[in-house]
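S.K.: The structure follows.
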Amino acid sequence: MGRVLRCPIFPALYTDMTTRQLDKTYDPRLVEERWYRFWIERRYFHAEPSDSGEPYCIVIPPPNVTGSLHVGHALNNTLQDILIRWRRMQGRNTLWMPGTDHAGIATQNVVEKQLLQEGTSREALGREKFIERVWQWKATSGDRIVRQLERLGASCDWERLRFTMDEGLSRAVREVFVRLHEEGLIYRGERLINWCPRCLTALSDIEVEHEDAKGRLYSIEYPLADDPSVRLTVATTRPETMFGDTAVAVHPDDGRYNSLIGREVRVPLTGRTIPIVGDAILVDPEFGTGVVKITPAHDFNDFEAGERHRLPRLSVFDHHARLDPVGLRAAAVEQSAVEAVELLPAAKARPKIEQLLRDRGALVKVEDHTMALGRCYRCKTVVEPYLSPQWFVNIKPLAQPAIEAVEQGRVRFIPEGWINNYLGWMRDIKDWCISRQIWWGHQIPAWYCTHCNKELILETVHAGMATTEAKDLPQASRTRITILPKAKPIVARTAPNRCPTCGKNRFIRDPDVLDTWFSSGLWPFSTLGWPDQTPELKTYYPTAVLVTGLDILFFWVARMIMLGLKFMGDVPFRDVYIHALVRDAEGQKMSKSKGNVIDPLHVMDQYGTDALRFTLASMASPGRDIKLAEERIEGYRNFANKIWNVARFILLHLEGPRAATPPNERPFPDRWILSRLSNAVTQVTEELNAYRFDRAAGALYQFIWHEYCDWYLELIKPELQDPASPLAPGIRQTLVESFETMLRLLHPFMPFITEEVWQSLPHEEASIVTRPYPLAQPEWADREAEGSFVLLERAVKMVRTARVLLNYPPAKHLTLYFSHELGGEERRLRMLLPHVAHLGRGKSEIVAIENMPAGHILRLVLEGLTVGIVVEGDVDLHKALDRIRKQIAEGEKERQRLEGKLNNAEFTAKAPPDVIADHQERLEGVRRDRVMLRDSESQLDNMLKD
RNA sequence: GGGCGGAUAGCUCAGUUGGAAGAGCGCUGCCCUUACAAGGCAGAGGUCACAGGUUCAAUCCCUGUUCCGCCUACCA
């Protein structure tokens, strides 16, 4: 004990620990940061296109710059790092491309909150100053997530770190935008879009999260304009939108109403009359009253119905989703009603409207009703369908090739089940709203000639908004402009010099920025240098695999496939590995508000990075969410400690000569462990090839703990502890060799402890990081040794069981007789007996013989193996008798089951021969054991009577 | 409303081209045996959700039911 660890490469690494002894427990805090720096200094993670080896590239799902490492990141990046480190060790030209995402709305929110605390706002600052401020924020805090990924051990090529707002990536964004616009695949138009009244921006369809909410269904009577005695009853969940109604619809085949089509009804509380139209798409005559109001400016279905019937659009909300007095008056709402509801958000306006309708006698009934509510995915505010001019991608032409690529298997999904999800979404894809009314992001490369579009550029956001804006917002925001849909944009890579129409050079740039996911959609090629044809692009595109969570399948994965195919002419990645969501131990989604968040940084502090990584890998079974419990992490912390102590053991016993022994001269334990090791190598490699991280981790755990530690180390201890042992040099060699191989096998999963331990072993290379990944050694496979082990294990377990059963103290001498009924096993058993004696614990003298001496001998039986135990002194035999009776009962059940089966004519006629032979063999064993057990039972009985 | 996935030991989860049910944690008992008590050894614990069907044989394949997740959707 007490060897000094010294790093042979960088002795300085250990200067502060030169007197450090190998403690009994592994302390990750002492080693992790040190080794990470070592790896970075040696540039092990850096890749060049000119490097040797088949390229293997993964682009990181760029975390938000605002992000802090959460357990989902930890899982995602652990899996990527396992793949990358594994492939690097296999000699591939391995690039893990890292980067962060500017995360438009999220980042803007973070900085805005800061400004609020400082008593100011982005509007007061103005656009340029604000953006400057965000960059400043990014410079100081934006790298936090990068440092946390380093902490996780992520072997990214940090020299290539990218950011979605880098100049290079921004150039790619402009290039893509311009080209798509040139092809007519990007257009600007006034549509109903999802609007977040808190973020004050448009959202794409998938940025809206749906949830069921309790609401009410209001039935309201609309009187016929020319005959108020006839009233149509309309049901709505949102009575506040009725002011914007521009028609009511009935089913054209509905005999109750179709004669009324073409006549008009009066909208209650207004001076307006609107037409009755027939619409077979919108109206289900079976539902409700069969009459539907149409509000094209505030409902997606109604918007489309409005298109079909060329109805006007009346917007009655402002951009804070409050009832807008200007809009209300434009909709001819009665003054008293306007005063009652103006500037109220929908939820507050609803009871007032309910009262107004009641007073008017227009409210027929109100029922409880559940409805789907959309919320902003960033701030959870209820989104409002809102009419405004926006930019869109005409997505169908891009979607088609992306559908085919997956159908043809050019992009594989793992697990495959998600393919249908993907295809279903892609086939039904809607145009993508890509403009956002925020400041932080890629500003749209479109300019308007202020001369030619004079009337179309307004200083207010919406005709109805001026009043509310002036009231609520500071001075600076009033300069905000709205460019009406009819304005003609000039889309270009750089700002235009002169207007092609009028020749003047006064332009205003479109104030909108692009959806964050527009730039992340280019990530696999923009990070590699596109639009330039760089060596990186040629070498590493298409990338090997994308590792991601399901939550961004549509946001990100689908768009990368579409844009990759469009601009690179090839898929961005061959495989998409989709991992699960990490939940808490109760299966709840982790969230700050629930307070059930497991902080990976805290976990790493407490248990070590390797323990966290191994836990996540172990639990990454496909198709099932991960319920992460802290006890599990603790278990793998113990596993790390186990490895640490193996290293201590080996260093302790390494003194003395080592010699390579020819395979056929190796002692049984060495032959056995090498055979098992080769098996583990094969298994781990196969599982990694199939992205079965859980099974690979399981195989490693099983091999290292339960084969290597529990059996191999115990088997060789006597030889190592015997200074005169002629076998010791060979065993030492196998010991070091097998352990080093095992460390390499484990390294992608537990990089820190494997490096730490590896460095303490004799070695020539600089680091385990660049050592080759183990290959299965066919010459190590040894069926003979594996067969012997099975016999050994049985014999040892019997001796151990016997001691426990008899309550036999370890110090008390035990004489054991073994016999084996199977021919040919006798010799093998004799060879194993010294090991049995040693592993059986305590002092044992073991003899193998065919005929046991008569007398006070207790016999135990296990699968054809019999052990006779000479009992000395007083022992409690009742437990042993109970055990034997239990065995007899179990054997009896098994015997009946097997006999029943073998007596079944159909079974013997139809089952495969090997199955039948197996059954027969088992039956023979059971019968044999039965004789011995009965014998033991009566012996014990007699002994107890004495 | 549509689609997908899950239901196996007290807990978290593996597994089986259909042929004697597995791990980790927890629990019980013994052991501080000079690598490791964050350990060792020996145990207890399961009609593999329910009901049918196919088969010589079903936890596994098929059908239906119940419960739980997730994705998706315009039913006012």
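Labeling convention for the structure tokens: chains A, B, ... as they appear, residues from 1 per chain, ligands from 1 in order of appearance.
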Residues near region 623-637 of chain A, anyone? I mean within 8 Å using only C-alpha atoms (C1' of nucleotides), not counting same-chain ones fewer than 2 positions away, as a list in words.
M.R.: Pro415, His579, Ala580, Leu581, Val582, Arg583, Asp584, Ala585, Glu586, Gly587, Tyr607, Gly608, Asp610, Ala611, Leu612, Phe614, Thr615, Met619, Ala620, Ser621, Phe639, Ala640 and Asn641 of chain A; G5, G6, U12, G24, C25 and A38 of chain B
S.K.: With a cut-off of 6 Å, could you pull out the residues of chain A touching chain B and give me the nearest pair of atoms for each, distance in Å to one decimal, using only C-alpha atoms (C1' of nucleotides), ordered by chain and ascending number, as a tab-separated table?
M.R.:
```
residue	atom	partner	partner_atom	distance
A:Thr236	CA	B:A76	C1'	5.6
A:Val292	CA	B:A76	C1'	5.7
A:Asn301	CA	B:C74	C1'	5.4
A:Asn638	CA	B:A38	C1'	4.8
A:Lys642	CA	B:C36	C1'	6.0
A:Asn645	CA	B:A35	C1'	4.6
A:Val646	CA	B:A35	C1'	5.4
A:Arg648	CA	B:A35	C1'	5.4
A:Phe649	CA	B:A35	C1'	4.1
A:Glu906	CA	B:C56	C1'	4.6
A:Phe907	CA	B:C56	C1'	4.1
```
S.K.: Grab the residues selected above and save them as a PDB file, in the first residue's frame with N, CA, C and O atoms.
M.R.:
```
ATOM      1  N   THR A 236     -70.232  28.927 -29.138  1.00  0.00           N
ATOM      2  CA  THR A 236     -68.819  29.310 -29.212  1.00  0.00           C
ATOM      3  C   THR A 236     -68.168  29.156 -27.844  1.00  0.00           C
ATOM      4  O   THR A 236     -68.807  29.313 -26.806  1.00  0.00           O
ATOM      5  N   VAL A 292     -72.593  27.763 -37.131  1.00  0.00           N
ATOM      6  CA  VAL A 292     -71.261  28.173 -36.695  1.00  0.00           C
ATOM      7  C   VAL A 292     -71.034  29.620 -37.073  1.00  0.00           C
ATOM      8  O   VAL A 292     -71.377  30.042 -38.178  1.00  0.00           O
ATOM      9  N   ASN A 301     -59.713  27.885 -38.677  1.00  0.00           N
ATOM     10  CA  ASN A 301     -60.736  27.316 -39.555  1.00  0.00           C
ATOM     11  C   ASN A 301     -61.548  28.406 -40.210  1.00  0.00           C
ATOM     12  O   ASN A 301     -61.888  28.336 -41.393  1.00  0.00           O
ATOM     13  N   ASN A 638     -20.401   3.356  -7.085  1.00  0.00           N
ATOM     14  CA  ASN A 638     -19.744   2.208  -6.467  1.00  0.00           C
ATOM     15  C   ASN A 638     -18.982   1.383  -7.501  1.00  0.00           C
ATOM     16  O   ASN A 638     -17.939   0.815  -7.205  1.00  0.00           O
ATOM     17  N   LYS A 642     -15.159   0.385  -7.551  1.00  0.00           N
ATOM     18  CA  LYS A 642     -14.708  -0.996  -7.723  1.00  0.00           C
ATOM     19  C   LYS A 642     -13.504  -1.029  -8.659  1.00  0.00           C
ATOM     20  O   LYS A 642     -12.513  -1.696  -8.388  1.00  0.00           O
ATOM     21  N   ASN A 645     -10.425   0.123  -7.088  1.00  0.00           N
ATOM     22  CA  ASN A 645      -9.812  -0.828  -6.174  1.00  0.00           C
ATOM     23  C   ASN A 645      -9.184  -2.004  -6.902  1.00  0.00           C
ATOM     24  O   ASN A 645      -8.246  -2.608  -6.384  1.00  0.00           O
ATOM     25  N   VAL A 646      -9.694  -2.319  -8.082  1.00  0.00           N
ATOM     26  CA  VAL A 646      -9.000  -3.317  -8.893  1.00  0.00           C
ATOM     27  C   VAL A 646      -7.603  -2.796  -9.189  1.00  0.00           C
ATOM     28  O   VAL A 646      -6.602  -3.517  -9.084  1.00  0.00           O
ATOM     29  N   ARG A 648      -5.841  -0.707  -7.494  1.00  0.00           N
ATOM     30  CA  ARG A 648      -5.029  -0.802  -6.280  1.00  0.00           C
ATOM     31  C   ARG A 648      -4.517  -2.218  -6.107  1.00  0.00           C
ATOM     32  O   ARG A 648      -3.350  -2.437  -5.809  1.00  0.00           O
ATOM     33  N   PHE A 649      -5.393  -3.165  -6.294  1.00  0.00           N
ATOM     34  CA  PHE A 649      -5.011  -4.569  -6.147  1.00  0.00           C
ATOM     35  C   PHE A 649      -3.880  -4.927  -7.106  1.00  0.00           C
ATOM     36  O   PHE A 649      -2.874  -5.529  -6.734  1.00  0.00           O
ATOM     37  N   GLU A 906     -47.376 -35.848 -28.641  1.00  0.00           N
ATOM     38  CA  GLU A 906     -47.281 -34.743 -29.588  1.00  0.00           C
ATOM     39  C   GLU A 906     -45.993 -33.947 -29.418  1.00  0.00           C
ATOM     40  O   GLU A 906     -45.391 -33.490 -30.377  1.00  0.00           O
ATOM     41  N   PHE A 907     -45.590 -33.807 -28.135  1.00  0.00           N
ATOM     42  CA  PHE A 907     -44.348 -33.103 -27.886  1.00  0.00           C
ATOM     43  C   PHE A 907     -43.166 -33.840 -28.500  1.00  0.00           C
ATOM     44  O   PHE A 907     -42.366 -33.255 -29.228  1.00  0.00           O
TER      45      PHE A 907
END
```
S.K.: Quick one: residues within 9 Å of region 249-257 of chain A, only C-alpha atoms (C1' of nucleotides) counted, chain neighbours fewer than 4 positions away excluded, as a ChimeraX atom specification?
M.R.: /A:232,261,275-285,290-294
S.K.: Hey, what's within 12 Å of Ser336 (chain A) if we count only C-alpha atoms (C1' of nucleotides) and toss same-chain stuff fewer than 6 positions away? As a PDB file with N, CA, C and O atoms, in the first residue's frame, please?
M.R.:
```pdb
ATOM      1  N   LEU A 269     -75.006  42.982 -29.884  1.00  0.00           N
ATOM      2  CA  LEU A 269     -74.159  44.033 -29.299  1.00  0.00           C
ATOM      3  C   LEU A 269     -73.464  44.891 -30.349  1.00  0.00           C
ATOM      4  O   LEU A 269     -72.591  45.696 -30.035  1.00  0.00           O
ATOM      5  N   THR A 270     -73.799  44.670 -31.620  1.00  0.00           N
ATOM      6  CA  THR A 270     -73.200  45.498 -32.665  1.00  0.00           C
ATOM      7  C   THR A 270     -74.298  46.012 -33.578  1.00  0.00           C
ATOM      8  O   THR A 270     -75.443  45.548 -33.549  1.00  0.00           O
ATOM      9  N   PRO A 325     -60.065  48.927 -28.740  1.00  0.00           N
ATOM     10  CA  PRO A 325     -61.178  49.857 -28.950  1.00  0.00           C
ATOM     11  C   PRO A 325     -61.315  50.307 -30.407  1.00  0.00           C
ATOM     12  O   PRO A 325     -62.440  50.452 -30.898  1.00  0.00           O
ATOM     13  N   LEU A 328     -62.833  47.462 -32.253  1.00  0.00           N
ATOM     14  CA  LEU A 328     -64.223  47.257 -31.854  1.00  0.00           C
ATOM     15  C   LEU A 328     -65.136  48.275 -32.537  1.00  0.00           C
ATOM     16  O   LEU A 328     -66.213  47.938 -33.022  1.00  0.00           O
ATOM     17  N   ARG A 329     -64.659  49.525 -32.576  1.00  0.00           N
ATOM     18  CA  ARG A 329     -65.500  50.550 -33.214  1.00  0.00           C
ATOM     19  C   ARG A 329     -65.599  50.288 -34.702  1.00  0.00           C
ATOM     20  O   ARG A 329     -66.654  50.439 -35.301  1.00  0.00           O
ATOM     21  N   GLU A 342     -63.177  47.204 -23.448  1.00  0.00           N
ATOM     22  CA  GLU A 342     -61.958  47.648 -24.140  1.00  0.00           C
ATOM     23  C   GLU A 342     -60.730  47.456 -23.247  1.00  0.00           C
ATOM     24  O   GLU A 342     -60.776  47.630 -22.037  1.00  0.00           O
ATOM     25  N   LYS A 352     -67.819  39.763 -18.738  1.00  0.00           N
ATOM     26  CA  LYS A 352     -68.524  41.010 -19.057  1.00  0.00           C
ATOM     27  C   LYS A 352     -69.441  40.799 -20.265  1.00  0.00           C
ATOM     28  O   LYS A 352     -70.585  41.237 -20.281  1.00  0.00           O
ATOM     29  N   ILE A 353     -68.913  40.114 -21.242  1.00  0.00           N
ATOM     30  CA  ILE A 353     -69.716  39.865 -22.443  1.00  0.00           C
ATOM     31  C   ILE A 353     -70.887  38.955 -22.106  1.00  0.00           C
ATOM     32  O   ILE A 353     -72.012  39.162 -22.550  1.00  0.00           O
ATOM     33  N   LEU A 356     -73.437  41.119 -20.626  1.00  0.00           N
ATOM     34  CA  LEU A 356     -74.082  41.963 -21.645  1.00  0.00           C
ATOM     35  C   LEU A 356     -75.092  41.158 -22.453  1.00  0.00           C
ATOM     36  O   LEU A 356     -76.201  41.614 -22.736  1.00  0.00           O
TER      37      LEU A 356
END
```
S.K.: Out of region 352-471 of chain A, which residues get strand (DSSP E) from DSSP, as a ChimeraX atom specification?
M.R.: /A:363-376,384-393,412-414,432-433,435-436,446-449,457-458
S.K.: Between A:His602, A:Arg313, A:Arg122, A:Arg350, which one has atoms that come closest to Leu69 (chain A), using only C-alpha atoms?
M.R.: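 For Leu69 (chain A), the nearest of the given residues is A:His602.
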S.K.: Expressed in Å to a single decimal, how great is the separation between CA of Arg174 (chain A) and CA of Leu522 (chain A)?
M.R.: 11.1 Å
S.K.: Enumerate as a list in words all residues of region 411-521 of chain A assigned to alpha helix (DSSP H) by DSSP on the backbone, naming them with the chain letters and numbers the document uses.
M.R.: Trp418, Ile419, Asn420, Asn421, Tyr422, Leu423, Gly424, Trp425, Met426, Arg427, Ala466, Thr467, Thr468, Glu469, Ala470, Lys471, Asp472, Thr516, Trp517, Phe518, Ser519 and Ser520 of chain A
S.K.: Please produce a file of those selected residues containing C-alpha atoms, as a tab-separated table (two decimals), in the first residue's frame.
M.R.:
```tsv
chain	number	residue	atom	x	y	z
A	418	TRP	CA	-40.45	7.08	-35.18
A	419	ILE	CA	-40.37	6.84	-38.95
A	420	ASN	CA	-44.14	6.76	-39.15
A	421	ASN	CA	-44.35	9.77	-36.91
A	422	TYR	CA	-41.96	11.60	-39.15
A	423	LEU	CA	-43.63	10.57	-42.39
A	424	GLY	CA	-47.06	11.41	-41.08
A	425	TRP	CA	-46.00	14.88	-40.12
A	426	MET	CA	-44.08	15.48	-43.32
A	427	ARG	CA	-46.93	14.41	-45.55
A	466	ALA	CA	-51.89	53.03	-32.12
A	467	THR	CA	-53.87	53.96	-29.05
A	468	THR	CA	-52.83	51.05	-26.93
A	469	GLU	CA	-49.22	51.33	-27.95
A	470	ALA	CA	-49.07	54.96	-27.14
A	471	LYS	CA	-50.59	54.28	-23.81
A	472	ASP	CA	-48.45	51.41	-22.67
A	516	THR	CA	-34.21	30.28	-34.71
A	517	TRP	CA	-34.79	26.90	-36.28
A	518	PHE	CA	-34.09	28.33	-39.72
A	519	SER	CA	-30.40	28.62	-38.91
A	520	SER	CA	-30.25	25.39	-36.94
```
S.K.: To one decimal in Å, tell me the separation between CA of Val513 (chain A) and CA of Gly189 (chain A).
M.R.: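 Going from CA of Val513 (chain A) over to CA of Gly189 (chain A) covers 15.5 Å.
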S.K.: Expressed in Å to a single decimal, how great is the separation between CA of Gly925 (chain A) and CA of Glu894 (chain A)?
M.R.: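 One can read the CA of Gly925 (chain A) to CA of Glu894 (chain A) distance as 10.6 Å.
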S.K.: Of the candidates A:Leu940, A:Leu805, A:Ala911, A:Ala372, which shows the shortest atom-to-atom distance to Arg883 (chain A), using only C-alpha atoms?
M.R.: A:Leu805
